[in-house]
Amino acid sequence: MAAIAVLALGAGTAQAQNCGLKQYDSLPMEVSPERLLLPVTFGTVPKKMVFRLDSAANGIAADTAQELDMRFTSMPPNVTYHRDSQQITRIAHAPEVHLGRMTLKSMEFLVFKPLRPSENVVGDIGTRMFENMDMELDIAGGQLNLFSPDHCPGQTVYWTKTGFAQVPLKPPAEMGFVRAELMLDGHPLTVALSTVGRSRIGMNAMRRIFNVDESSPDLVPVDQDLLGHKIYRYAFKTLTANGLTITNPAIFVYDEEPRPECNDKLHFAFPDPAPLHSTDQVRLARCFGGDDAVLGLSVLSKLHLYVSSKEKILYLTSASAK
């Protein structure tokens, strides 16, 4: 009996010890107002790539793929993929890629048009390759930390003892989106998190949620996008996530034609046969994304985030929490 009790106690202690976080890696990031950059090495050639929290797929510029002597294949005929208004027709295959302590073999990249020369930046790293890991995004500290998803519920926020907010992630995750429901000026809305570009909300969502359109005197024109759509500033007061509040969030409003909106019943069509075998398997979606607003770095830089993949929960603190 005593032996059994000792064994049971030992097992319980081991289980408690295994309950905590197990870190895989810590990747340094270069932080700018518009994007986050990760150091990536192709074979022995160092490059930089944009970390995209709003896309599953990896991508690389065509001229860089040629420079690195990658092998090209065509997109399967039953898959159509558009990115930034261009149709992707080729896939580049990298024999060996080093990202932090990880060595990745036979990685696939969607091939983009040549990029404008910019700080040795050659493409994107999407979320698909991290889908079986937890991600901690410490923008203020310039770190992307990767953890095992096998931990006890709630055992994630280790960087502060002052409390945290937690928000359920919304499905679907198949397209790489990290989506959650937050409160903007007291109104619930679905947001997608993005580490590229501005925080933004479309005029259709403004009409539906805030009863505001382009005739409102509270909208101040500030810019226009590449397609000529006007971009406005609007004085939002609070963005709230389960008690955590960001005051005066910088979220731009972009103009768009009135159109029927998503009803959050998303349909995903999985190609048959599945055309790609790696972490970049392409999904097709109708009502792509299904979000009301996109939170870019103007908002995310004020936060410290942990995405728990198995729990499907987003943990949040302020960026300054200690």
# chains A, B, ... in the order shown; residues from 1 in each chain; ligands from 1
>>> residues_around(residues="A:Pro149", least_positions_apart="2", cutoff="7 Å", atoms="only C-alpha atoms", output="PyMOL selection string")
chain A and resi 133-134+147+151+308-310
>>> residues_around(residues="stretch 217-228 of chain A", least_positions_apart="3", cutoff="12 Å", atoms="only C-alpha atoms", output="PyMOL selection string")
chain A and resi 84-85+197-198+200+203+206+210-214+231-236+251-256
>>> closest_residue(among="A:Val294, A:Leu182, A:Ala92, A:Ala250", to="A:Leu68", atoms="only C-alpha atoms")
A:Ala92
